[in-house]
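Just below is one structure, and these are the notes that go with it.
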Amino acid sequence: MKSKLLHEHDGERTFALIFETGDEVVKTLTGFARDNRLGGSHFSAIGAFQEATLAYFDWQRKDYRKIPVSEQVEVVSLLGDVALKEGGEPMLHAHAVLGRPDGSAVCGHLLEGRVRPTLEVVLVELPRHLQRRHDPESGLALIRP
């Protein structure tokens, strides 16, 4: 992945992140957030994956059901945020809509995605960071203002 700082003003930074074939998005983007001490950020992206794993949160089970995607797909939309976990580490939360060759779509929470040929991400860091805290009802780490 290649990155470039596009804009910086009053604690807000905007980055362009360009992923290349073979890059795994979740791990790489989380590493970028850690290295750049990002904690209150949002991002959007388009591009394509050679494979991905999405998930759907099953409220009854309080767990994610994996949705494997083992074909070339267009990343029609990838939206997400980065907030800090209780220990101070950045946590990525992203949802994706992936377009299949027949025009149908599969969507869900992005667990992992392997890029082919590119993924173009615009990430904006806000001056104030967000915190995630464990929610006992859902079992998830949710943003708390």
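How things are named: the first chain in the structure tokens is A, the next is B, and so on; residues count from 1 in each chain; ligands count from 1 in the order shown.
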Contacts of range 116-130 of chain A within 7 Å, only C-alpha atoms, excl. fewer than 5 positions in-chain, as a CSV table (one decimal) with C-alpha atoms, in the first residue's frame:
chain,number,residue,atom,x,y,z
A,11,GLY,CA,-5.8,18.7,13.6
A,12,GLU,CA,-7.6,17.3,10.6
A,13,ARG,CA,-5.6,15.2,8.1
A,14,THR,CA,-6.8,13.7,4.9
A,15,PHE,CA,-4.9,10.7,3.4
A,16,ALA,CA,-5.0,8.9,0.0
A,17,LEU,CA,-4.2,5.2,0.5
A,18,ILE,CA,-3.7,3.1,-2.7
A,19,PHE,CA,-3.7,-0.6,-2.2
A,20,GLU,CA,-2.1,-3.0,-4.8
A,21,THR,CA,-2.7,-6.5,-5.8
A,22,GLY,CA,-2.3,-9.0,-2.9
A,38,LEU,CA,-5.3,7.6,14.1
A,39,GLY,CA,-8.2,7.3,16.5
A,40,GLY,CA,-11.1,9.4,15.2
A,41,SER,CA,-11.2,8.7,11.4
A,42,HIS,CA,-13.6,7.8,8.7
A,43,PHE,CA,-12.9,6.4,5.2
A,44,SER,CA,-14.5,5.5,1.9
A,45,ALA,CA,-13.1,3.3,-0.9
A,46,ILE,CA,-13.7,1.8,-4.3
A,47,GLY,CA,-11.7,-0.8,-6.2
A,48,ALA,CA,-11.8,-4.6,-6.4
A,49,PHE,CA,-11.0,-7.7,-4.4
A,50,GLN,CA,-9.9,-11.2,-5.6
A,83,ALA,CA,-11.8,4.4,16.8
A,84,LEU,CA,-9.6,3.6,19.8
A,143,ILE,CA,-18.3,3.9,20.0
A,145,PRO,CA,-19.3,9.8,22.7
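With only C-alpha atoms as the basis for measurement, A:Val75 is the residue among A:Gly113, A:Val75, A:Asp35, A:Gly80 that approaches Gly99 in chain A most closely.
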Practice problem: Would you mind reading off the distance between CA of Ser77 in chain A and CA of Ala94 in chain A, one decimal, in Å? | Solution: 10.2 Å
Practice problem: Using DSSP on the backbone coordinates, identify the residues of chain A assigned to strand (DSSP E); present them as a PyMOL selection string. | Solution: chain A and resi 2-9+12-20+40-58+63-69+73-84+90-99+105-125+131-134+141-144
Quiz item: Which polymer residues have any atom within 10 Å of an atom of Phe57 in chain A, counting only C-alpha atoms, with same-chain residues fewer than 6 positions away left out, as a list in words?
Solution: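 The neighbour list is Asp63, Tyr64, Arg65, Lys66, Gly108, His109, Ser138 and Leu140 of chain A.
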Output file for the selection above: C-alpha atoms, as a PDB file, in the first residue's frame:
ATOM      1  CA  ASP A  63     -21.589 -13.407  17.048  1.00  0.00           C
ATOM      2  CA  TYR A  64     -20.719 -12.806  13.410  1.00  0.00           C
ATOM      3  CA  ARG A  65     -21.745 -15.270  10.691  1.00  0.00           C
ATOM      4  CA  LYS A  66     -19.016 -15.344   8.058  1.00  0.00           C
ATOM      5  CA  GLY A 108     -21.694  -7.003   5.185  1.00  0.00           C
ATOM      6  CA  HIS A 109     -19.068  -6.250   7.792  1.00  0.00           C
ATOM      7  CA  SER A 138     -24.540  -6.842  22.307  1.00  0.00           C
ATOM      8  CA  LEU A 140     -19.554  -5.628  20.871  1.00  0.00           C
TER       9      LEU A 140
END
Exercise. Please return as a PyMOL selection string: the residues of chain A that backbone DSSP assigns to helix (DSSP H, G or I).
Key: chain A and resi 25-35
Self-check item: Residue among A:Glu112, A:Glu8, A:Asp81, A:Glu86 lying closest to Leu54 in chain A, counting only C-alpha atoms
Solution: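 Residue with the minimum atom-to-atom distance to Leu54 in chain A: A:Glu112.
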Quiz item: Between A:Asp58, A:Glu51, A:Ala105, A:Glu89, which has the minimum distance to Ser70 in chain A (counting only C-alpha atoms)?
Solution: A:Glu51
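With only C-alpha atoms as the atoms that count, the residue of A:Leu111, A:Ser104, A:Asp10, A:Lys4 with the shortest distance to Met91 in chain A is A:Leu111.
Using only C-alpha atoms, the smallest distance between any of A:Ala55, A:Leu92, A:Val115, A:Leu110 and Gln72 in chain A comes from A:Val115.
Pairwise distance (CA of Arg133 in chain A, CA of Ala52 in chain A) equals 27.1 Å.
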Self-check item: Nearest to His134 in chain A by atom-to-atom distance, counting only C-alpha atoms, from A:Gly87, A:His9, A:Tyr56, A:Arg114
Solution: A:Gly87
